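Undergrad: Structure file coords.txt (compact mmCIF, N, CA and C atoms) is given on the next line.
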# COMPACT_ATOMS: atom_id res chain seq x y z
N MET A 1 0.83 -1.18 0.00
CA MET A 1 0.00 0.00 0.00
C MET A 1 0.87 1.25 0.00
N ASN A 2 1.99 1.16 0.70
CA ASN A 2 2.88 2.29 0.79
C ASN A 2 3.51 2.60 -0.57
N LYS A 3 3.79 1.57 -1.35
CA LYS A 3 4.40 1.77 -2.66
C LYS A 3 3.42 2.44 -3.62
N LEU A 4 2.13 2.21 -3.40
CA LEU A 4 1.12 2.79 -4.27
C LEU A 4 1.13 4.32 -4.18
N PHE A 5 1.23 4.86 -2.97
CA PHE A 5 1.21 6.30 -2.78
C PHE A 5 2.57 6.95 -3.02
N GLN A 6 3.61 6.14 -3.23
CA GLN A 6 4.91 6.70 -3.53
C GLN A 6 5.03 7.06 -5.01
N SER A 7 4.14 6.54 -5.81
CA SER A 7 4.18 6.85 -7.24
C SER A 7 3.80 8.32 -7.45
N ARG A 8 4.57 8.98 -8.29
CA ARG A 8 4.36 10.40 -8.54
C ARG A 8 3.02 10.63 -9.26
N MET A 9 2.62 9.73 -10.12
CA MET A 9 1.37 9.88 -10.86
C MET A 9 0.17 9.79 -9.92
N ILE A 10 0.22 8.85 -8.99
CA ILE A 10 -0.89 8.69 -8.03
C ILE A 10 -0.97 9.92 -7.13
N ARG A 11 0.16 10.39 -6.64
CA ARG A 11 0.16 11.57 -5.77
C ARG A 11 -0.35 12.81 -6.50
N SER A 12 -0.09 12.92 -7.76
CA SER A 12 -0.56 14.09 -8.51
C SER A 12 -2.06 14.01 -8.77
N MET A 13 -2.65 12.84 -8.69
CA MET A 13 -4.09 12.67 -8.95
C MET A 13 -4.94 12.85 -7.68
N ILE A 14 -4.33 12.85 -6.51
CA ILE A 14 -5.08 12.96 -5.26
C ILE A 14 -5.90 14.26 -5.20
N PRO A 15 -5.35 15.43 -5.56
CA PRO A 15 -6.19 16.65 -5.52
C PRO A 15 -7.40 16.57 -6.45
N TYR A 16 -7.23 15.93 -7.64
CA TYR A 16 -8.35 15.79 -8.56
C TYR A 16 -9.41 14.86 -7.98
N PHE A 17 -8.97 13.83 -7.29
CA PHE A 17 -9.90 12.90 -6.65
C PHE A 17 -10.69 13.62 -5.55
N ILE A 18 -10.01 14.43 -4.74
CA ILE A 18 -10.69 15.19 -3.68
C ILE A 18 -11.65 16.20 -4.31
N LEU A 19 -11.27 16.84 -5.41
CA LEU A 19 -12.15 17.76 -6.11
C LEU A 19 -13.39 17.04 -6.63
N ALA A 20 -13.21 15.86 -7.19
CA ALA A 20 -14.35 15.09 -7.71
C ALA A 20 -15.31 14.72 -6.58
N ILE A 21 -14.77 14.31 -5.45
CA ILE A 21 -15.63 13.98 -4.31
C ILE A 21 -16.38 15.24 -3.85
N GLY A 22 -15.70 16.38 -3.83
CA GLY A 22 -16.34 17.64 -3.44
C GLY A 22 -17.46 18.02 -4.39
N VAL A 23 -17.25 17.82 -5.69
CA VAL A 23 -18.28 18.12 -6.69
C VAL A 23 -19.48 17.20 -6.50
N ILE A 24 -19.24 15.93 -6.24
CA ILE A 24 -20.33 14.98 -6.03
C ILE A 24 -21.13 15.35 -4.79
N VAL A 25 -20.45 15.68 -3.71
CA VAL A 25 -21.14 16.08 -2.48
C VAL A 25 -21.94 17.36 -2.71
N ALA A 26 -21.35 18.34 -3.41
CA ALA A 26 -22.05 19.59 -3.69
C ALA A 26 -23.28 19.34 -4.55
N PHE A 27 -23.16 18.43 -5.54
CA PHE A 27 -24.29 18.09 -6.39
C PHE A 27 -25.42 17.48 -5.57
N HIS A 28 -25.10 16.59 -4.66
CA HIS A 28 -26.13 15.95 -3.83
C HIS A 28 -26.78 16.96 -2.88
N VAL A 29 -25.99 17.89 -2.37
CA VAL A 29 -26.57 18.91 -1.48
C VAL A 29 -27.52 19.81 -2.27
N VAL A 30 -27.11 20.21 -3.48
CA VAL A 30 -27.96 21.08 -4.29
C VAL A 30 -29.19 20.33 -4.77
N SER A 31 -29.06 19.07 -5.12
CA SER A 31 -30.21 18.31 -5.61
C SER A 31 -31.21 18.03 -4.50
N GLU A 32 -30.75 17.94 -3.28
CA GLU A 32 -31.63 17.73 -2.13
C GLU A 32 -31.72 18.99 -1.29
N ILE A 33 -31.86 20.14 -1.94
CA ILE A 33 -31.83 21.42 -1.24
C ILE A 33 -32.99 21.56 -0.26
N SER A 34 -34.14 20.98 -0.58
CA SER A 34 -35.27 21.09 0.34
C SER A 34 -34.98 20.38 1.65
N VAL A 35 -34.33 19.23 1.58
CA VAL A 35 -33.95 18.52 2.80
C VAL A 35 -32.91 19.33 3.57
N PHE A 36 -31.94 19.89 2.83
CA PHE A 36 -30.90 20.70 3.44
C PHE A 36 -31.51 21.91 4.14
N TRP A 37 -32.43 22.62 3.47
CA TRP A 37 -33.07 23.79 4.08
C TRP A 37 -33.95 23.39 5.25
N GLY A 38 -34.56 22.21 5.18
CA GLY A 38 -35.37 21.73 6.29
C GLY A 38 -34.53 21.51 7.54
N VAL A 39 -33.38 20.87 7.36
CA VAL A 39 -32.48 20.64 8.49
C VAL A 39 -31.94 21.97 9.01
N LEU A 40 -31.56 22.87 8.09
CA LEU A 40 -31.04 24.17 8.49
C LEU A 40 -32.09 24.98 9.25
N SER A 41 -33.34 24.93 8.82
CA SER A 41 -34.39 25.68 9.52
C SER A 41 -34.66 25.10 10.90
N ARG A 42 -34.56 23.79 11.04
CA ARG A 42 -34.73 23.18 12.37
C ARG A 42 -33.60 23.58 13.31
N VAL A 43 -32.38 23.57 12.80
CA VAL A 43 -31.24 23.97 13.62
C VAL A 43 -31.37 25.44 13.99
N TRP A 44 -31.79 26.28 13.04
CA TRP A 44 -31.95 27.69 13.31
C TRP A 44 -33.05 27.93 14.35
N ALA A 45 -34.12 27.15 14.31
CA ALA A 45 -35.19 27.29 15.30
C ALA A 45 -34.70 26.95 16.69
N ILE A 46 -33.71 26.08 16.80
CA ILE A 46 -33.15 25.75 18.10
C ILE A 46 -32.18 26.83 18.56
N ILE A 47 -31.39 27.37 17.64
CA ILE A 47 -30.34 28.32 17.99
C ILE A 47 -30.88 29.73 18.25
N ILE A 48 -31.96 30.14 17.58
CA ILE A 48 -32.41 31.53 17.64
C ILE A 48 -32.75 32.02 19.04
N PRO A 49 -33.35 31.22 19.95
CA PRO A 49 -33.58 31.75 21.30
C PRO A 49 -32.27 32.07 22.03
N PHE A 50 -31.25 31.26 21.83
CA PHE A 50 -29.95 31.54 22.44
C PHE A 50 -29.36 32.83 21.87
N PHE A 51 -29.53 33.03 20.59
CA PHE A 51 -29.04 34.24 19.93
C PHE A 51 -29.73 35.47 20.51
N TYR A 52 -31.07 35.41 20.66
CA TYR A 52 -31.81 36.52 21.27
C TYR A 52 -31.37 36.74 22.71
N GLY A 53 -31.13 35.68 23.42
CA GLY A 53 -30.67 35.80 24.81
C GLY A 53 -29.31 36.47 24.90
N LEU A 54 -28.41 36.13 23.98
CA LEU A 54 -27.10 36.77 23.96
C LEU A 54 -27.20 38.26 23.66
N ILE A 55 -28.06 38.61 22.72
CA ILE A 55 -28.24 40.02 22.40
C ILE A 55 -28.83 40.77 23.59
N LEU A 56 -29.82 40.19 24.23
CA LEU A 56 -30.44 40.82 25.39
C LEU A 56 -29.45 40.95 26.54
N ALA A 57 -28.65 39.93 26.78
CA ALA A 57 -27.65 40.00 27.85
C ALA A 57 -26.60 41.06 27.54
N TYR A 58 -26.22 41.18 26.28
CA TYR A 58 -25.23 42.18 25.90
C TYR A 58 -25.78 43.59 26.11
N ILE A 59 -27.05 43.79 25.75
CA ILE A 59 -27.65 45.11 25.89
C ILE A 59 -27.83 45.48 27.36
N LEU A 60 -28.26 44.51 28.18
CA LEU A 60 -28.55 44.80 29.59
C LEU A 60 -27.31 44.77 30.48
N ASN A 61 -26.17 44.38 29.95
CA ASN A 61 -24.96 44.30 30.76
C ASN A 61 -24.48 45.68 31.21
N MET A 62 -24.57 46.68 30.33
CA MET A 62 -24.10 48.02 30.69
C MET A 62 -24.90 48.64 31.83
N PRO A 63 -26.25 48.66 31.75
CA PRO A 63 -26.98 49.23 32.87
C PRO A 63 -26.80 48.42 34.16
N CYS A 64 -26.65 47.11 34.02
CA CYS A 64 -26.44 46.27 35.20
C CYS A 64 -25.09 46.60 35.85
N GLY A 65 -24.08 46.83 35.05
CA GLY A 65 -22.77 47.21 35.58
C GLY A 65 -22.82 48.57 36.27
N ALA A 66 -23.61 49.51 35.70
CA ALA A 66 -23.73 50.83 36.32
C ALA A 66 -24.42 50.73 37.67
N ILE A 67 -25.48 49.94 37.74
CA ILE A 67 -26.17 49.75 39.02
C ILE A 67 -25.25 49.06 40.02
N GLN A 68 -24.48 48.11 39.55
CA GLN A 68 -23.54 47.39 40.43
C GLN A 68 -22.49 48.36 40.99
N ARG A 69 -21.98 49.27 40.16
CA ARG A 69 -21.01 50.25 40.66
C ARG A 69 -21.64 51.18 41.69
N LEU A 70 -22.91 51.55 41.47
CA LEU A 70 -23.59 52.39 42.46
C LEU A 70 -23.77 51.65 43.79
N LEU A 71 -24.09 50.35 43.70
CA LEU A 71 -24.28 49.57 44.92
C LEU A 71 -22.96 49.39 45.68
N LYS A 72 -21.85 49.33 44.97
CA LYS A 72 -20.56 49.15 45.63
C LYS A 72 -20.11 50.40 46.38
N ARG A 73 -20.73 51.54 46.09
CA ARG A 73 -20.40 52.77 46.81
C ARG A 73 -20.98 52.80 48.22
N THR A 74 -21.95 51.95 48.48
CA THR A 74 -22.56 51.94 49.82
C THR A 74 -21.57 51.39 50.84
N GLN A 75 -21.88 51.60 52.09
CA GLN A 75 -21.00 51.14 53.16
C GLN A 75 -21.43 49.78 53.70
N ASN A 76 -22.54 49.27 53.23
CA ASN A 76 -23.07 47.99 53.69
C ASN A 76 -22.29 46.84 53.04
N LYS A 77 -21.69 45.98 53.86
CA LYS A 77 -20.87 44.88 53.34
C LYS A 77 -21.70 43.82 52.64
N VAL A 78 -22.92 43.60 53.13
CA VAL A 78 -23.79 42.60 52.51
C VAL A 78 -24.18 43.05 51.10
N VAL A 79 -24.49 44.32 50.94
CA VAL A 79 -24.85 44.84 49.63
C VAL A 79 -23.65 44.81 48.70
N ILE A 80 -22.48 45.14 49.21
CA ILE A 80 -21.27 45.12 48.39
C ILE A 80 -20.96 43.68 47.94
N LYS A 81 -21.14 42.73 48.85
CA LYS A 81 -20.83 41.34 48.55
C LYS A 81 -21.78 40.77 47.49
N ARG A 82 -23.04 41.18 47.55
CA ARG A 82 -24.05 40.65 46.63
C ARG A 82 -24.52 41.73 45.64
N SER A 83 -23.62 42.55 45.20
CA SER A 83 -23.99 43.67 44.33
C SER A 83 -24.48 43.21 42.95
N ARG A 84 -23.88 42.16 42.42
CA ARG A 84 -24.30 41.70 41.08
C ARG A 84 -25.73 41.14 41.10
N PRO A 85 -26.09 40.20 41.97
CA PRO A 85 -27.48 39.73 41.97
C PRO A 85 -28.49 40.84 42.28
N ILE A 86 -28.13 41.74 43.18
CA ILE A 86 -29.04 42.84 43.50
C ILE A 86 -29.21 43.76 42.30
N SER A 87 -28.13 44.02 41.56
CA SER A 87 -28.23 44.88 40.38
C SER A 87 -29.06 44.22 39.29
N VAL A 88 -28.93 42.91 39.14
CA VAL A 88 -29.75 42.19 38.16
C VAL A 88 -31.22 42.27 38.56
N LEU A 89 -31.52 42.09 39.84
CA LEU A 89 -32.90 42.17 40.32
C LEU A 89 -33.48 43.57 40.12
N ILE A 90 -32.70 44.60 40.43
CA ILE A 90 -33.17 45.98 40.23
C ILE A 90 -33.41 46.25 38.75
N LEU A 91 -32.51 45.79 37.89
CA LEU A 91 -32.67 46.00 36.46
C LEU A 91 -33.89 45.27 35.92
N MET A 92 -34.13 44.05 36.41
CA MET A 92 -35.32 43.31 35.98
C MET A 92 -36.59 44.03 36.41
N LEU A 93 -36.61 44.56 37.62
CA LEU A 93 -37.78 45.31 38.07
C LEU A 93 -38.00 46.56 37.22
N ILE A 94 -36.92 47.25 36.87
CA ILE A 94 -37.03 48.43 36.02
C ILE A 94 -37.58 48.06 34.64
N VAL A 95 -37.03 47.01 34.04
CA VAL A 95 -37.47 46.59 32.70
C VAL A 95 -38.92 46.15 32.73
N LEU A 96 -39.31 45.36 33.73
CA LEU A 96 -40.70 44.91 33.82
C LEU A 96 -41.66 46.07 34.05
N SER A 97 -41.25 47.04 34.86
CA SER A 97 -42.13 48.20 35.07
C SER A 97 -42.24 49.03 33.80
N LEU A 98 -41.17 49.15 33.02
CA LEU A 98 -41.25 49.86 31.75
C LEU A 98 -42.16 49.14 30.76
N ILE A 99 -42.10 47.82 30.74
CA ILE A 99 -42.98 47.04 29.86
C ILE A 99 -44.43 47.22 30.29
N ALA A 100 -44.70 47.17 31.60
CA ALA A 100 -46.06 47.36 32.10
C ALA A 100 -46.57 48.76 31.77
N LEU A 101 -45.72 49.77 31.93
CA LEU A 101 -46.10 51.14 31.60
C LEU A 101 -46.40 51.28 30.12
N LEU A 102 -45.56 50.68 29.29
CA LEU A 102 -45.78 50.73 27.85
C LEU A 102 -47.08 50.05 27.46
N LEU A 103 -47.36 48.90 28.06
CA LEU A 103 -48.60 48.20 27.75
C LEU A 103 -49.81 49.00 28.23
N ASN A 104 -49.70 49.68 29.37
CA ASN A 104 -50.81 50.50 29.84
C ASN A 104 -51.06 51.70 28.94
N ILE A 105 -50.07 52.13 28.21
CA ILE A 105 -50.25 53.23 27.27
C ILE A 105 -50.73 52.72 25.91
N VAL A 106 -50.16 51.62 25.43
CA VAL A 106 -50.41 51.14 24.07
C VAL A 106 -51.76 50.43 23.96
N ILE A 107 -52.11 49.60 24.92
CA ILE A 107 -53.34 48.81 24.80
C ILE A 107 -54.59 49.70 24.73
N PRO A 108 -54.73 50.75 25.56
CA PRO A 108 -55.91 51.61 25.39
C PRO A 108 -55.94 52.32 24.03
N LEU A 109 -54.77 52.68 23.49
CA LEU A 109 -54.75 53.29 22.15
C LEU A 109 -55.22 52.32 21.08
N ILE A 110 -54.82 51.07 21.20
CA ILE A 110 -55.25 50.06 20.23
C ILE A 110 -56.76 49.84 20.34
N ILE A 111 -57.27 49.77 21.56
CA ILE A 111 -58.70 49.57 21.75
C ILE A 111 -59.48 50.75 21.18
N ARG A 112 -58.98 51.97 21.41
CA ARG A 112 -59.64 53.16 20.88
C ARG A 112 -59.64 53.15 19.36
N SER A 113 -58.54 52.73 18.75
CA SER A 113 -58.47 52.68 17.28
C SER A 113 -59.44 51.64 16.72
N ILE A 114 -59.53 50.51 17.38
CA ILE A 114 -60.44 49.46 16.91
C ILE A 114 -61.89 49.92 17.02
N THR A 115 -62.25 50.57 18.14
CA THR A 115 -63.63 51.04 18.29
C THR A 115 -63.96 52.12 17.26
N GLN A 116 -63.00 53.01 16.95
CA GLN A 116 -63.24 54.02 15.92
C GLN A 116 -63.41 53.38 14.55
N PHE A 117 -62.61 52.34 14.28
CA PHE A 117 -62.74 51.63 13.01
C PHE A 117 -64.10 50.96 12.91
N LEU A 118 -64.52 50.30 13.99
CA LEU A 118 -65.82 49.62 13.97
C LEU A 118 -66.97 50.62 13.89
N ALA A 119 -66.82 51.80 14.48
CA ALA A 119 -67.87 52.82 14.40
C ALA A 119 -68.00 53.35 12.98
N GLY A 120 -66.89 53.45 12.25
CA GLY A 120 -66.92 53.97 10.88
C GLY A 120 -67.07 52.89 9.84
N LEU A 121 -67.33 51.66 10.25
CA LEU A 121 -67.41 50.54 9.31
C LEU A 121 -68.53 50.72 8.30
N ASP A 122 -69.68 51.25 8.73
CA ASP A 122 -70.80 51.45 7.80
C ASP A 122 -70.44 52.46 6.72
N SER A 123 -69.74 53.53 7.09
CA SER A 123 -69.35 54.52 6.08
C SER A 123 -68.30 53.94 5.14
N TYR A 124 -67.40 53.11 5.65
CA TYR A 124 -66.42 52.46 4.78
C TYR A 124 -67.10 51.52 3.79
N LYS A 125 -68.11 50.82 4.28
CA LYS A 125 -68.86 49.90 3.41
C LYS A 125 -69.56 50.68 2.31
N GLN A 126 -70.19 51.81 2.66
CA GLN A 126 -70.89 52.62 1.68
C GLN A 126 -69.92 53.20 0.65
N GLN A 127 -68.76 53.65 1.09
CA GLN A 127 -67.75 54.18 0.17
C GLN A 127 -67.25 53.11 -0.79
N LEU A 128 -67.08 51.89 -0.29
CA LEU A 128 -66.65 50.79 -1.15
C LEU A 128 -67.73 50.44 -2.17
N GLN A 129 -68.99 50.45 -1.76
CA GLN A 129 -70.07 50.16 -2.71
C GLN A 129 -70.16 51.25 -3.77
N ASP A 130 -69.99 52.51 -3.38
CA ASP A 130 -70.00 53.61 -4.35
C ASP A 130 -68.85 53.46 -5.34
N LEU A 131 -67.70 53.04 -4.87
CA LEU A 131 -66.55 52.84 -5.75
C LEU A 131 -66.81 51.72 -6.75
N VAL A 132 -67.43 50.64 -6.30
CA VAL A 132 -67.75 49.53 -7.21
C VAL A 132 -68.75 49.97 -8.26
N VAL A 133 -69.76 50.72 -7.86
CA VAL A 133 -70.75 51.23 -8.82
C VAL A 133 -70.08 52.16 -9.82
N TRP A 134 -69.19 53.02 -9.36
CA TRP A 134 -68.49 53.94 -10.25
C TRP A 134 -67.66 53.18 -11.28
N PHE A 135 -66.96 52.10 -10.82
CA PHE A 135 -66.18 51.29 -11.75
C PHE A 135 -67.07 50.57 -12.75
N ASN A 136 -68.23 50.11 -12.32
CA ASN A 136 -69.14 49.41 -13.23
C ASN A 136 -69.72 50.35 -14.27
N ASN A 137 -69.87 51.62 -13.94
CA ASN A 137 -70.45 52.59 -14.88
C ASN A 137 -69.42 53.21 -15.81
N LEU A 138 -68.16 52.89 -15.65
CA LEU A 138 -67.14 53.43 -16.54
C LEU A 138 -67.34 52.91 -17.95
N ASP A 139 -66.97 53.73 -18.90
CA ASP A 139 -67.02 53.32 -20.30
C ASP A 139 -65.74 52.56 -20.60
N CYS A 140 -65.81 51.24 -20.54
CA CYS A 140 -64.62 50.40 -20.70
C CYS A 140 -64.06 50.47 -22.11
N GLN A 141 -64.92 50.81 -23.09
CA GLN A 141 -64.43 50.87 -24.46
C GLN A 141 -63.39 51.98 -24.63
N SER A 142 -63.56 53.06 -23.89
CA SER A 142 -62.61 54.17 -24.03
C SER A 142 -61.26 53.82 -23.42
N LEU A 143 -61.24 52.87 -22.50
CA LEU A 143 -59.98 52.46 -21.90
C LEU A 143 -59.15 51.60 -22.83
N TYR A 144 -59.81 50.90 -23.77
CA TYR A 144 -59.10 49.99 -24.65
C TYR A 144 -58.76 50.59 -26.01
N ARG A 145 -59.12 51.85 -26.26
CA ARG A 145 -58.79 52.46 -27.54
C ARG A 145 -57.29 52.64 -27.66
N PRO A 146 -56.73 52.33 -28.81
CA PRO A 146 -55.30 52.53 -29.00
C PRO A 146 -54.98 54.02 -29.05
N PHE A 147 -53.79 54.34 -28.60
CA PHE A 147 -53.35 55.74 -28.62
C PHE A 147 -52.96 56.11 -30.04
N ILE A 148 -53.49 57.21 -30.52
CA ILE A 148 -53.20 57.65 -31.90
C ILE A 148 -52.44 58.95 -31.86
What's the structure tokens form of this structure?
TA:
Amino acid sequence: MNKLFQSRMIRSMIPYFILAIGVIVAFHVVSEISVFWGVLSRVWAIIIPFFYGLILAYILNMPCGAIQRLLKRTQNKVVIKRSRPISVLILMLIVLSLIALLLNIVIPLIIRSITQFLAGLDSYKQQLQDLVVWFNNLDCQSLYRPFI
């Protein structure tokens, strides 16, 4: 077996053999692209929550560090010792209160918009019927005349 690979001709053909195997594998991947995309989408569905978590942790790290530095300025040894968990808890309370405040502002606006839409639904229906009648009464022959 060792003598086979010592031949210069065989050694020069190894890159072509690897290229041929690569082309065959690429052809099979492209021909079965739906299977490939199916596997890729499943893997992405598993990875995406971790990705979102990393982004959220990166964004919240700065305010958490600032709160932690403020807590370390106190003279209380217990607070200094547990400054990181306390800063995370304070930051979570701030974020949750901001979300609650946002929802208390946004939800009534959405409800008001929906009620206004439902109140004007009859006028929208009448306007749509008038538009359909107007389209039906158009002289369609004038639309199809060639430009001279």
Undergrad: Choose the residue, out of A:Leu93, A:Ile86, A:Ile55, A:Val132, that has the smallest atom-to-atom separation from Leu70 (chain A); count only C-alpha atoms.
TA: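 Using only C-alpha atoms, the shortest distance to Leu70 (chain A) belongs to A:Ile86.
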Undergrad: Have a look at CA of Val25 (chain A) and CA of Val39 (chain A) and let me know their distance in Å, one decimal.
TA: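 Interatomic distance here is 16.4 Å.
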Undergrad: Considering only N, CA and C atoms, return as a list in words whatever protein or nucleic-acid residues lie within 8 Å of Ile67 (chain A), sequence-local ones (same chain, fewer than 6 positions apart) excluded.
TA: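 That gives Asn61, Arg73, Ser83, Arg84, Ile86, Ser87, Val88 and Leu91 of chain A.
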